[in-house]
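Asker: Mind looking over this structure? Questions follow.
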Amino acid sequence: MGLTRDTFQSRIGFILAAAGSAIGLGNIWGFPTQAANNGGGAFVFVYLIMTLLVGLPALYTEMYIGNRHQKNSVESLAEACSGFSSQFGRWAGLFGLLGSILLLSFYMIVAGWMLSHALAPLFTFIGMTDTAHWLLQSSFERDLLFTPFFILLTGLIIRQGVQKGIERWSSRLMPLLFILLICLIAYILQQPGAEEGLKVYLTPNFDKVQDPKLIISAMGQAFFSLSIGIGGMMVYGSYMPKDINIGRLALSVTALDTFIAFAAGLLIIPTLYVAQQLGQQVFVNGELMGGPGLIFSILPTLFESMGDIGQYVALTFFAFMSLAALTSTMSITEVPVAFLVEDKNLPRNQATTLVSLVVLAASLTLVFNFDTLFGAVITWVNTFQLPIMGLFYFLVIGWIWKRGNQLADHAYVDAKPALRLWANYLRYVCPILLSLVFISVVLAL
Ligand code: PFF
């Protein structure tokens with residue numbers, strides 16, 4: 001390990017980096033369509049409740065464990081579990097590392113699609129319409145070009161370190177992301193049809209909220225959206241000074257992430273209704289289309305039908321998506337890199353190269369076996385990996401760490417009753433809530 005650890009220089013740098021990790025593809029295509037299909041404003045309401053009840057506490061816990069130990073995720077968990085079995089904590093940390101590679105294996109592919117769509121309008125502008133067309137069509141060759149490119153882009157930032165890489169780039173990219181989103185919303189809401197979409201998105205239909213599946217999807221969405229369960233937030237937490245108020249940081253990150261998810265709904269749902277007005281099919285079996293069908297089929301056709309301005313809108317939209325993806329891949333890549341640097345004493349350059357090569361191999365395995373593996377890996381990560389690790393973090397903070405309720409002990413010593421309440425909430429309520437949801441997911445499969 002280096003003599004002194006590279007760390008975030010400022011609170012705001014940390015918040016932008018952690019919010020950058022949280023705000024990603026999950027917010028923009030996951031949240032809005034789930035909301036539209038599950039009772040509009042009512043889903044937004046359930047999502048908020050789940051975020052507050054378990055999302056925020058899990059985020060706090062992950063950041064807190066990293067912050068107290070000032071180490072990468074594997075060593076932090078090994079140390080936190082030392083009263084019980086460090087080896088067990090270490091294995092759990094390594095399981096998180098595996099999750100980071102699996103998550104990156106599909107996230108890099110999708111991020112590559114975003115980038116190729118962002119470049120297409122630029123080629124149209126300079127008259128290379130054939131190239132633009134090629135960039136918009138999904139193909140094996142396109143994946144072979146853009147997936148490695150996105151891995152390289154992420155690696156180039158990560159190898160520069162925490163302050164010069166992650167913090168500097170997040171501080172540059174995140175404000176740009178906010179501006180692009182505001183411009184897009186402002187434009188779309190003026191188009192015919194947008195108002196109807198806005199109504200569908202915001203009007204609560206509480207009948208739909210009673211479906212237990214809805215609560216489960218809201219929780220899954222909240223976990224993925226807040227980047228919980230991989231160790232990224234743990235590593236970021238470890239790059240802040242030990243005495244920092246983690247509660248306030250976690251709250252700021254949750255607020256920003258939730259706000260952007262909500263704002264993305266103001267963009268995506270009205271856009272779908274604008275597309276419908278222009279004759280496109282946006283419903284499949286009575287449900288609004290979501291996921292890749294929405295992003296890579298409806299939106300490009302819509303942008304094309306808008307004439308010249310559509311090219312600019314497309315460029316803005318896909319640049320926005322690429323930025324959101326990039327700040328997320330940065331945090332996931334940092335998890336194994338921090339481990340290799342601190343635990344295996346590899347220079348940062350080498351660690352980044354090694355991780356990038358492993359991610360490349362994993363992503364290419366998915367590209368070559370797309371139909372069998374792509375969806376399966378996504379399901380594994382979202383349904384099992386993230387909730388299992390989230391549950392484990394709660395068990396660590398409430399039960400395993402120093403074989404007791406370590407936060408409550410702190411609270412007792414510091415005579416802070418509110419903290420004590422919070423500690424007991426994390427110790428008892430959160431693991432039970434999470435287990436219930438997890439069990440219903442397994443039963444529903
Ligand atoms: N929060 C990211 C999104 O919403 O797209 C995804 C993610 C990033 C999940 C980092 C987990 C993680 F560690």
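Residues are referred to by chain and number: the chain letter is A, B, ... according to the order shown in the structure tokens, the number counts from 1 in that chain, and ligands are numbered separately from 1 in the order shown.
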Please provide the set of residues having any atom within 12 Å of Arg11 of chain A, restricted to only C-alpha atoms, with same-chain residues fewer than 5 positions apart removed, written as a list in words.

Answerer: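 Residues near the query, excluding close chain neighbours: Leu16, Ala17, Ala18, Ala19, Gln163, Glu167, Ser171, Tyr236, Gly237, Tyr239, Met240, Pro241, Ile244, Asn245, Ile246, Arg248, Leu249, Ala250, Ser252 and Val253 of chain A.
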
Asker: Store the residues of this selection in a file with C-alpha atoms, as an mmCIF file, in the first residue's frame.

Answerer:
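Below you can see part-v9.cif, which holds the result:
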```cif
data_model
loop_
_atom_site.group_PDB
_atom_site.id
_atom_site.type_symbol
_atom_site.label_atom_id
_atom_site.label_comp_id
_atom_site.auth_asym_id
_atom_site.auth_seq_id
_atom_site.Cartn_x
_atom_site.Cartn_y
_atom_site.Cartn_z
ATOM 1 C CA LEU A 16 -20.594 14.727 -7.144
ATOM 2 C CA ALA A 17 -18.580 11.524 -7.532
ATOM 3 C CA ALA A 18 -20.970 9.446 -5.416
ATOM 4 C CA ALA A 19 -24.014 10.999 -7.077
ATOM 5 C CA GLN A 163 -8.458 13.243 -6.770
ATOM 6 C CA GLU A 167 -13.051 13.758 -8.370
ATOM 7 C CA SER A 171 -16.853 17.654 -10.968
ATOM 8 C CA TYR A 236 -15.736 6.136 -2.010
ATOM 9 C CA GLY A 237 -16.639 6.434 1.707
ATOM 10 C CA TYR A 239 -11.681 8.168 0.602
ATOM 11 C CA MET A 240 -13.247 10.693 2.998
ATOM 12 C CA PRO A 241 -11.723 11.666 6.369
ATOM 13 C CA ILE A 244 -16.954 13.211 8.353
ATOM 14 C CA ASN A 245 -20.726 13.125 8.871
ATOM 15 C CA ILE A 246 -21.627 10.150 6.668
ATOM 16 C CA ARG A 248 -25.406 13.991 5.696
ATOM 17 C CA LEU A 249 -23.373 12.787 2.745
ATOM 18 C CA ALA A 250 -25.608 9.761 2.210
ATOM 19 C CA SER A 252 -27.287 14.422 -0.213
ATOM 20 C CA VAL A 253 -26.424 11.598 -2.586
#
```

Asker: Can you pull out the residues contacting Ser238 of chain A? Cut-off 10 Å, using only C-alpha atoms, and skip same-chain residues under 4 positions away; I want them as a list in words.

Answerer: Arg5, Thr7, Phe8, Glu62, Met63, Tyr64, Ile65, Gly66, Asn67, Arg68, His69, Gln70, Lys71, Asn72, Ser73, Ser76, Gly232, Met233, Met234 and Lys242 of chain A

Asker: Would you put the residues from that selection into a file with N, CA and C atoms, as a CSV table (one decimal), in the first residue's frame?

Answerer:
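Written out: again.csv:
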```
chain,number,residue,atom,x,y,z
A,5,ARG,N,-2.9,7.5,1.4
A,5,ARG,CA,-4.0,7.1,0.5
A,5,ARG,C,-4.4,8.4,-0.3
A,7,THR,N,-7.2,10.6,-1.7
A,7,THR,CA,-8.5,10.8,-1.2
A,7,THR,C,-9.3,11.9,-1.9
A,8,PHE,N,-10.5,12.0,-1.6
A,8,PHE,CA,-11.3,13.2,-2.2
A,8,PHE,C,-10.8,14.4,-1.5
A,62,GLU,N,-23.2,1.1,3.8
A,62,GLU,CA,-22.0,0.8,2.9
A,62,GLU,C,-20.9,1.9,3.1
A,63,MET,N,-21.4,3.1,3.0
A,63,MET,CA,-20.4,4.2,3.1
A,63,MET,C,-19.7,4.2,4.5
A,64,TYR,N,-20.5,3.9,5.5
A,64,TYR,CA,-20.0,4.0,6.9
A,64,TYR,C,-18.9,2.9,7.1
A,65,ILE,N,-19.1,1.7,6.6
A,65,ILE,CA,-18.2,0.6,6.8
A,65,ILE,C,-16.8,1.0,6.2
A,66,GLY,N,-16.9,1.6,4.9
A,66,GLY,CA,-15.7,2.0,4.3
A,66,GLY,C,-15.0,3.1,5.0
A,67,ASN,N,-15.8,4.1,5.4
A,67,ASN,CA,-15.2,5.3,6.1
A,67,ASN,C,-14.5,4.9,7.4
A,68,ARG,N,-15.1,4.1,8.2
A,68,ARG,CA,-14.5,3.7,9.5
A,68,ARG,C,-13.2,3.0,9.3
A,69,HIS,N,-13.1,2.2,8.2
A,69,HIS,CA,-11.9,1.4,8.0
A,69,HIS,C,-10.8,2.0,7.2
A,70,GLN,N,-11.2,3.0,6.4
A,70,GLN,CA,-10.3,3.7,5.5
A,70,GLN,C,-9.5,2.7,4.6
A,71,LYS,N,-10.3,1.7,4.1
A,71,LYS,CA,-9.6,0.7,3.2
A,71,LYS,C,-10.6,0.3,2.1
A,72,ASN,N,-10.0,-0.4,1.1
A,72,ASN,CA,-10.8,-0.9,0.0
A,72,ASN,C,-11.9,-1.9,0.6
A,73,SER,N,-12.8,-2.3,-0.3
A,73,SER,CA,-14.0,-3.0,0.2
A,73,SER,C,-13.7,-4.4,0.8
A,76,SER,N,-11.9,-3.7,4.2
A,76,SER,CA,-12.8,-3.1,5.1
A,76,SER,C,-13.7,-4.2,5.7
A,232,GLY,N,-18.8,0.0,-4.3
A,232,GLY,CA,-18.3,1.2,-4.9
A,232,GLY,C,-18.5,2.4,-3.8
A,233,MET,N,-19.6,2.4,-3.2
A,233,MET,CA,-19.9,3.4,-2.2
A,233,MET,C,-19.0,3.2,-1.0
A,234,MET,N,-18.7,2.0,-0.7
A,234,MET,CA,-17.8,1.7,0.4
A,234,MET,C,-16.4,2.3,0.2
A,242,LYS,N,-12.1,10.3,8.4
A,242,LYS,CA,-12.8,9.5,9.2
A,242,LYS,C,-13.9,10.2,10.0
```

Asker: Would you mind listing what lies within 6 Å of Ala132 of chain A as a list in words, with only C-alpha atoms counted and same-chain residues fewer than 3 positions away left out?

Answerer: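 Close residues of Ala132 of chain A: Ala120, Phe123, Thr124, Thr129 and Leu135 of chain A.
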
Asker: Go ahead and save the residues from that selection, with C-alpha atoms, as a short mmCIF file (atom, residue, chain, number, x, y, z; two decimals), in the first residue's frame.

Answerer:
```cif
data_model
loop_
_atom_site.label_atom_id
_atom_site.label_comp_id
_atom_site.auth_asym_id
_atom_site.auth_seq_id
_atom_site.Cartn_x
_atom_site.Cartn_y
_atom_site.Cartn_z
CA ALA A 120 -24.10 9.24 -35.05
CA PHE A 123 -21.26 11.99 -38.59
CA THR A 124 -24.56 13.16 -40.07
CA THR A 129 -24.53 9.43 -43.39
CA LEU A 135 -23.66 3.59 -35.70
#
```

Asker: Residues within 7 Å of ligand 1 should be enumerated using only C-alpha atoms and all ligand atoms and returned as a list of chain:residue names.

Answerer: A:Ser21, A:Ala22, A:Ile23, A:Gly24, A:Leu25, A:Gly26, A:Asn27, A:Ser100, A:Phe224, A:Ser225, A:Leu226, A:Ser227, A:Ile228, A:Gly229, A:Ile230, A:Gly231, A:Gly232, A:Met233, A:Ala325, A:Ser328, A:Thr329, A:Ser331, A:Ile332

Asker: Could you please take those selected residues and save all heavy atoms as a compact mmCIF listing (two decimals), in the first residue's frame?

Answerer:
```txt
# COMPACT_ATOMS: atom_id res chain seq x y z
N SER A 21 -21.94 8.12 -9.43
CA SER A 21 -22.05 6.67 -9.41
C SER A 21 -23.52 6.25 -9.39
O SER A 21 -23.95 5.36 -10.12
CB SER A 21 -21.34 6.13 -8.16
OG SER A 21 -21.69 4.79 -7.95
N ALA A 22 -24.28 6.93 -8.55
CA ALA A 22 -25.69 6.56 -8.38
C ALA A 22 -26.51 6.89 -9.63
O ALA A 22 -27.31 6.07 -10.10
CB ALA A 22 -26.26 7.28 -7.16
N ILE A 23 -26.29 8.08 -10.18
CA ILE A 23 -27.08 8.49 -11.35
C ILE A 23 -26.52 7.80 -12.57
O ILE A 23 -25.39 8.06 -12.98
CB ILE A 23 -27.01 10.03 -11.53
CG1 ILE A 23 -27.65 10.70 -10.32
CG2 ILE A 23 -27.69 10.44 -12.82
CD1 ILE A 23 -27.33 12.16 -10.19
N GLY A 24 -27.30 6.90 -13.13
CA GLY A 24 -26.78 6.15 -14.28
C GLY A 24 -27.92 5.66 -15.14
O GLY A 24 -29.04 6.19 -15.09
N LEU A 25 -27.62 4.64 -15.92
CA LEU A 25 -28.63 4.13 -16.85
C LEU A 25 -29.87 3.67 -16.10
O LEU A 25 -30.98 3.75 -16.60
CB LEU A 25 -28.04 2.97 -17.65
CG LEU A 25 -26.76 3.33 -18.41
CD1 LEU A 25 -26.20 2.10 -19.12
CD2 LEU A 25 -27.05 4.43 -19.42
N GLY A 26 -29.68 3.19 -14.87
CA GLY A 26 -30.80 2.71 -14.05
C GLY A 26 -31.84 3.79 -13.83
O GLY A 26 -33.05 3.53 -13.92
N ASN A 27 -31.39 5.00 -13.55
CA ASN A 27 -32.35 6.09 -13.29
C ASN A 27 -33.14 6.44 -14.53
O ASN A 27 -34.30 6.78 -14.46
CB ASN A 27 -31.65 7.40 -12.95
CG ASN A 27 -30.80 7.30 -11.73
OD1 ASN A 27 -29.95 6.44 -11.65
ND2 ASN A 27 -31.07 8.16 -10.77
N SER A 100 -18.78 -6.68 -9.13
CA SER A 100 -18.38 -5.48 -9.88
C SER A 100 -18.00 -5.86 -11.31
O SER A 100 -18.35 -5.14 -12.26
CB SER A 100 -17.23 -4.75 -9.18
OG SER A 100 -16.05 -5.51 -9.23
N PHE A 224 -30.45 -0.63 -6.98
CA PHE A 224 -29.59 -0.48 -8.16
C PHE A 224 -29.26 0.98 -8.36
O PHE A 224 -28.12 1.36 -8.62
CB PHE A 224 -30.31 -1.04 -9.39
CG PHE A 224 -29.45 -1.09 -10.62
CD1 PHE A 224 -28.52 -2.11 -10.79
CD2 PHE A 224 -29.54 -0.10 -11.59
CE1 PHE A 224 -27.71 -2.15 -11.92
CE2 PHE A 224 -28.74 -0.13 -12.72
CZ PHE A 224 -27.82 -1.16 -12.88
N SER A 225 -30.28 1.82 -8.21
CA SER A 225 -30.10 3.23 -8.48
C SER A 225 -29.11 3.88 -7.51
O SER A 225 -28.35 4.76 -7.89
CB SER A 225 -31.46 3.92 -8.40
OG SER A 225 -31.34 5.22 -8.83
N LEU A 226 -29.12 3.43 -6.26
CA LEU A 226 -28.20 4.04 -5.29
C LEU A 226 -26.83 3.34 -5.27
O LEU A 226 -26.00 3.61 -4.41
CB LEU A 226 -28.81 4.01 -3.89
CG LEU A 226 -29.97 4.99 -3.67
CD1 LEU A 226 -30.64 4.74 -2.33
CD2 LEU A 226 -29.49 6.44 -3.74
N SER A 227 -26.60 2.45 -6.21
CA SER A 227 -25.31 1.74 -6.33
C SER A 227 -24.95 0.95 -5.08
O SER A 227 -23.80 0.93 -4.65
CB SER A 227 -24.15 2.72 -6.60
OG SER A 227 -24.38 3.47 -7.73
N ILE A 228 -25.93 0.29 -4.48
CA ILE A 228 -25.66 -0.44 -3.25
C ILE A 228 -25.32 -1.89 -3.56
O ILE A 228 -25.96 -2.51 -4.41
CB ILE A 228 -26.89 -0.40 -2.32
CG1 ILE A 228 -27.11 1.03 -1.86
CG2 ILE A 228 -26.72 -1.33 -1.13
CD1 ILE A 228 -28.52 1.32 -1.47
N GLY A 229 -24.33 -2.45 -2.86
CA GLY A 229 -24.10 -3.89 -2.94
C GLY A 229 -22.90 -4.33 -3.75
O GLY A 229 -22.65 -5.52 -3.88
N ILE A 230 -22.15 -3.39 -4.29
CA ILE A 230 -20.98 -3.77 -5.08
C ILE A 230 -19.70 -3.40 -4.31
O ILE A 230 -18.66 -4.02 -4.44
CB ILE A 230 -21.01 -3.04 -6.44
CG1 ILE A 230 -22.13 -3.61 -7.33
CG2 ILE A 230 -19.68 -3.08 -7.15
CD1 ILE A 230 -21.95 -5.05 -7.73
N GLY A 231 -19.81 -2.36 -3.50
CA GLY A 231 -18.63 -1.91 -2.76
C GLY A 231 -18.12 -0.55 -3.25
O GLY A 231 -17.20 0.01 -2.69
N GLY A 232 -18.76 -0.04 -4.31
CA GLY A 232 -18.33 1.25 -4.86
C GLY A 232 -18.50 2.37 -3.84
O GLY A 232 -17.60 3.20 -3.65
N MET A 233 -19.65 2.38 -3.18
CA MET A 233 -19.90 3.44 -2.21
C MET A 233 -19.03 3.24 -0.96
O MET A 233 -18.69 4.20 -0.28
CB MET A 233 -21.38 3.47 -1.83
CG MET A 233 -22.28 3.93 -2.97
SD MET A 233 -21.88 5.62 -3.49
CE MET A 233 -23.25 5.95 -4.59
N ALA A 325 -23.54 7.13 -17.74
CA ALA A 325 -22.95 5.79 -17.68
C ALA A 325 -21.49 5.86 -17.24
O ALA A 325 -21.04 5.07 -16.41
CB ALA A 325 -23.06 5.11 -19.05
N SER A 328 -20.79 6.23 -13.62
CA SER A 328 -21.13 4.99 -12.90
C SER A 328 -20.05 3.92 -13.12
O SER A 328 -19.62 3.26 -12.17
CB SER A 328 -22.48 4.44 -13.35
OG SER A 328 -23.50 5.34 -13.01
N THR A 329 -19.60 3.75 -14.37
CA THR A 329 -18.57 2.72 -14.61
C THR A 329 -17.27 3.07 -13.86
O THR A 329 -16.54 2.18 -13.44
CB THR A 329 -18.26 2.54 -16.12
OG1 THR A 329 -17.93 3.80 -16.70
CG2 THR A 329 -19.44 1.94 -16.85
N SER A 331 -17.02 4.35 -10.85
CA SER A 331 -17.08 3.90 -9.45
C SER A 331 -17.00 2.38 -9.35
O SER A 331 -16.41 1.84 -8.42
CB SER A 331 -18.35 4.41 -8.78
OG SER A 331 -19.46 3.66 -9.20
N ILE A 332 -17.60 1.69 -10.31
CA ILE A 332 -17.58 0.22 -10.22
C ILE A 332 -16.15 -0.28 -10.48
O ILE A 332 -15.68 -1.21 -9.83
CB ILE A 332 -18.57 -0.42 -11.21
CG1 ILE A 332 -19.92 0.32 -11.19
CG2 ILE A 332 -18.80 -1.88 -10.88
CD1 ILE A 332 -20.90 -0.10 -12.27
```

Asker: Which is closest to Leu152 of chain A among A:Glu334, A:Ala261, A:Thr301, A:Met108, if we use only C-alpha atoms?

Answerer: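 Closest candidate: A:Met108.
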
Asker: Given the choices A:Leu315, A:Pro336, A:Val437, A:Thr327, which gets closest to Leu180 of chain A if the distance is worked out from only C-alpha atoms?

Answerer: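 The closest residue to Leu180 of chain A is A:Leu315.
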
Asker: Considering only C-alpha atoms, state which residue in the set A:Tyr47, A:Tyr393, A:Trp401, A:Phe283 is at the smallest distance from Leu426 of chain A.

Answerer: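 Under the stated criterion, the closest residue is A:Tyr393.
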
Asker: Within segment 246-436 of chain A, find each residue whose DSSP state, derived from the backbone, is alpha helix (DSSP H), and express the selection as a VMD selection string.

Answerer: chain A and resid 246 to 277 291 to 293 299 to 305 308 to 343 348 to 368 370 to 379 386 to 395 406 to 413 417 to 424 430 to 436

Asker: Write the selection just made, keeping C-alpha atoms, as a short mmCIF file (atom, residue, chain, number, x, y, z; two decimals), in the first residue's frame?

Answerer:
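After the write, selection-v8.cif holds the following:
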```
data_model
loop_
_atom_site.label_atom_id
_atom_site.label_comp_id
_atom_site.auth_asym_id
_atom_site.auth_seq_id
_atom_site.Cartn_x
_atom_site.Cartn_y
_atom_site.Cartn_z
CA ILE A 246 -21.63 10.15 6.67
CA GLY A 247 -25.35 10.60 7.37
CA ARG A 248 -25.41 13.99 5.70
CA LEU A 249 -23.37 12.79 2.75
CA ALA A 250 -25.61 9.76 2.21
CA LEU A 251 -28.66 12.01 2.40
CA SER A 252 -27.29 14.42 -0.21
CA VAL A 253 -26.42 11.60 -2.59
CA THR A 254 -29.85 9.98 -2.14
CA ALA A 255 -31.60 13.30 -2.70
CA LEU A 256 -29.67 14.00 -5.90
CA ASP A 257 -30.17 10.49 -7.25
CA THR A 258 -33.90 10.51 -6.51
CA PHE A 259 -34.32 13.97 -7.95
CA ILE A 260 -32.62 12.97 -11.20
CA ALA A 261 -34.69 9.78 -11.46
CA PHE A 262 -37.81 11.89 -11.01
CA ALA A 263 -36.60 14.47 -13.55
CA ALA A 264 -35.76 11.70 -16.02
CA GLY A 265 -39.45 10.74 -15.80
CA LEU A 266 -40.38 14.29 -16.78
CA LEU A 267 -38.30 13.74 -19.89
CA ILE A 268 -38.95 10.12 -20.88
CA ILE A 269 -42.69 9.71 -20.36
CA PRO A 270 -43.73 12.87 -22.20
CA THR A 271 -41.27 11.91 -24.96
CA LEU A 272 -43.09 8.60 -25.41
CA TYR A 273 -46.39 10.41 -25.80
CA VAL A 274 -44.87 12.84 -28.29
CA ALA A 275 -43.70 9.82 -30.28
CA GLN A 276 -47.18 8.33 -30.10
CA GLN A 277 -48.69 11.55 -31.43
CA GLY A 291 -35.60 -0.60 -21.70
CA PRO A 292 -33.69 -1.01 -24.96
CA GLY A 293 -36.84 -0.86 -27.12
CA LEU A 299 -36.29 7.66 -29.38
CA PRO A 300 -34.05 7.57 -32.48
CA THR A 301 -37.12 7.35 -34.76
CA LEU A 302 -38.65 10.27 -32.90
CA PHE A 303 -35.50 12.36 -33.21
CA GLU A 304 -35.34 11.60 -36.92
CA SER A 305 -38.93 12.72 -37.42
CA ASP A 308 -32.69 18.97 -38.36
CA ILE A 309 -33.30 19.93 -34.76
CA GLY A 310 -33.81 16.23 -34.03
CA GLN A 311 -30.12 15.59 -34.67
CA TYR A 312 -29.18 18.09 -31.98
CA VAL A 313 -31.72 16.63 -29.57
CA ALA A 314 -30.35 13.13 -30.27
CA LEU A 315 -26.80 14.32 -29.70
CA THR A 316 -27.77 15.98 -26.41
CA PHE A 317 -29.77 12.99 -25.22
CA PHE A 318 -27.17 10.32 -25.95
CA ALA A 319 -24.31 12.49 -24.72
CA PHE A 320 -26.29 12.82 -21.49
CA MET A 321 -26.75 9.05 -21.29
CA SER A 322 -23.05 8.42 -22.03
CA LEU A 323 -21.98 10.80 -19.25
CA ALA A 324 -24.38 9.20 -16.78
CA ALA A 325 -22.95 5.79 -17.68
CA LEU A 326 -19.34 6.93 -17.48
CA THR A 327 -19.52 8.30 -13.93
CA SER A 328 -21.13 4.99 -12.90
CA THR A 329 -18.57 2.72 -14.61
CA MET A 330 -15.83 4.79 -12.93
CA SER A 331 -17.08 3.90 -9.45
CA ILE A 332 -17.58 0.22 -10.22
CA THR A 333 -14.09 -0.07 -11.76
CA GLU A 334 -12.56 1.60 -8.70
CA VAL A 335 -13.69 -1.33 -6.50
CA PRO A 336 -11.29 -4.00 -7.87
CA VAL A 337 -8.61 -1.40 -8.67
CA ALA A 338 -8.50 -0.21 -5.03
CA PHE A 339 -8.21 -3.84 -3.91
CA LEU A 340 -5.31 -4.60 -6.24
CA VAL A 341 -3.47 -1.41 -5.26
CA GLU A 342 -3.87 -1.79 -1.51
CA ASP A 343 -4.02 -5.52 -0.97
CA ARG A 348 -2.34 1.95 -9.95
CA ASN A 349 -1.55 1.91 -13.68
CA GLN A 350 -1.04 -1.82 -13.71
CA ALA A 351 -4.08 -2.47 -11.52
CA THR A 352 -6.27 -0.43 -13.88
CA THR A 353 -4.91 -2.22 -16.94
CA LEU A 354 -5.46 -5.61 -15.36
CA VAL A 355 -9.03 -4.82 -14.29
CA SER A 356 -9.82 -3.34 -17.72
CA LEU A 357 -8.57 -6.51 -19.41
CA VAL A 358 -10.67 -8.73 -17.13
CA VAL A 359 -13.74 -6.56 -17.78
CA LEU A 360 -13.00 -6.70 -21.49
CA ALA A 361 -12.85 -10.50 -21.39
CA ALA A 362 -16.12 -10.65 -19.41
CA SER A 363 -17.90 -8.17 -21.71
CA LEU A 364 -16.72 -9.95 -24.85
CA THR A 365 -17.97 -13.25 -23.43
CA LEU A 366 -21.40 -11.58 -23.20
CA VAL A 367 -21.11 -10.10 -26.68
CA PHE A 368 -20.27 -13.51 -28.15
CA PHE A 370 -25.49 -12.41 -26.15
CA ASP A 371 -28.78 -14.30 -26.24
CA THR A 372 -27.89 -16.72 -23.48
CA LEU A 373 -25.83 -14.59 -21.14
CA PHE A 374 -26.77 -10.91 -21.35
CA GLY A 375 -30.19 -11.09 -19.68
CA ALA A 376 -29.10 -13.81 -17.26
CA VAL A 377 -26.19 -11.77 -15.89
CA ILE A 378 -28.40 -8.69 -15.46
CA THR A 379 -30.99 -10.76 -13.57
CA LEU A 386 -27.12 -6.49 -4.81
CA PRO A 387 -29.80 -7.46 -2.23
CA ILE A 388 -27.61 -10.25 -0.74
CA MET A 389 -24.74 -7.85 -0.24
CA GLY A 390 -27.07 -5.15 1.09
CA LEU A 391 -28.40 -7.60 3.64
CA PHE A 392 -24.87 -8.61 4.54
CA TYR A 393 -23.87 -4.96 5.15
CA PHE A 394 -26.77 -4.61 7.61
CA LEU A 395 -25.69 -7.78 9.41
CA GLN A 406 -21.09 -1.19 16.99
CA LEU A 407 -23.00 1.93 15.97
CA ALA A 408 -25.17 1.74 19.09
CA ASP A 409 -22.06 1.41 21.25
CA HIS A 410 -20.75 4.55 19.68
CA ALA A 411 -24.03 6.28 20.29
CA TYR A 412 -23.97 5.18 23.88
CA VAL A 413 -20.48 6.48 24.43
CA PRO A 417 -29.99 9.00 21.60
CA ALA A 418 -31.01 9.65 18.01
CA LEU A 419 -27.98 7.78 16.75
CA ARG A 420 -28.85 4.92 19.06
CA LEU A 421 -32.32 4.73 17.56
CA TRP A 422 -30.84 4.77 14.09
CA ALA A 423 -28.39 2.02 15.03
CA ASN A 424 -31.19 -0.19 16.26
CA CYS A 430 -33.61 -3.15 7.89
CA PRO A 431 -32.45 -6.79 7.76
CA ILE A 432 -36.01 -7.99 8.38
CA LEU A 433 -37.47 -5.73 5.69
CA LEU A 434 -34.81 -6.74 3.22
CA SER A 435 -35.16 -10.45 3.99
CA LEU A 436 -38.91 -10.24 3.45
#
```

Asker: Would you compute the distance between atom CA of Tyr60 of chain A and atom CA of Gly99 of chain A? Give it in Å to one decimal.

Answerer: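 Computed distance, atom CA of Tyr60 of chain A to atom CA of Gly99 of chain A, equals 19.7 Å.
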
Asker: One decimal, Å: what's the distance from atom CA of Gly193 of chain A over to atom CA of Val282 of chain A, could you say?

Answerer: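 Distance reported for this atom pair: 12.7 Å.
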
Asker: So that I can check the secondary structure, give me every residue of segment 262-441 of chain A assigned strand (DSSP E or B) by backbone DSSP, as an mmCIF file with N, CA, C and O atoms, in the first residue's frame.

Answerer:
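This is the output file out35.cif:
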```cif
data_model
loop_
_atom_site.group_PDB
_atom_site.id
_atom_site.type_symbol
_atom_site.label_atom_id
_atom_site.label_comp_id
_atom_site.auth_asym_id
_atom_site.auth_seq_id
_atom_site.Cartn_x
_atom_site.Cartn_y
_atom_site.Cartn_z
ATOM 1 N N PHE A 283 -46.835 1.404 -27.055
ATOM 2 C CA PHE A 283 -47.369 0.443 -26.085
ATOM 3 C C PHE A 283 -47.155 -0.981 -26.587
ATOM 4 O O PHE A 283 -47.350 -1.264 -27.766
ATOM 5 N N VAL A 284 -46.753 -1.883 -25.700
ATOM 6 C CA VAL A 284 -46.713 -3.309 -26.030
ATOM 7 C C VAL A 284 -47.579 -3.999 -24.991
ATOM 8 O O VAL A 284 -47.323 -3.851 -23.788
ATOM 9 N N GLU A 287 -48.775 -2.000 -22.094
ATOM 10 C CA GLU A 287 -47.788 -1.355 -21.217
ATOM 11 C C GLU A 287 -46.888 -0.463 -22.052
ATOM 12 O O GLU A 287 -46.557 -0.785 -23.200
ATOM 13 N N LEU A 288 -46.442 0.624 -21.435
ATOM 14 C CA LEU A 288 -45.503 1.488 -22.140
ATOM 15 C C LEU A 288 -44.197 0.743 -22.342
ATOM 16 O O LEU A 288 -43.739 0.041 -21.450
#
```

Asker: Taking 3 positions as the minimum chain separation for residues in the same chain, which residues sit within 9 Å of Val209 of chain A when counting only C-alpha atoms? Answer as an MDAnalysis selection string.

Answerer: chainID A and resid 38:39 42:43 46 205:206 212 214:215

Asker: Provide the atom CA of Leu136 of chain A to atom CA of Leu115 of chain A distance in Å, to one decimal place.

Answerer: 10.2 Å

Asker: Just checking: using only C-alpha atoms, which residue out of A:Ile49, A:Ile185, A:Ile439, A:Val74 ends up closest to Gly96 of chain A?

Answerer: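 That would be A:Val74, the residue with the smallest distance to Gly96 of chain A.
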
Asker: Which is closer to Ala444 of chain A than all the others in A:Glu195, A:Leu94, A:Gly55, A:Ile216, using only C-alpha atoms?

Answerer: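 Ranked by minimum distance to Ala444 of chain A, first place goes to A:Ile216.
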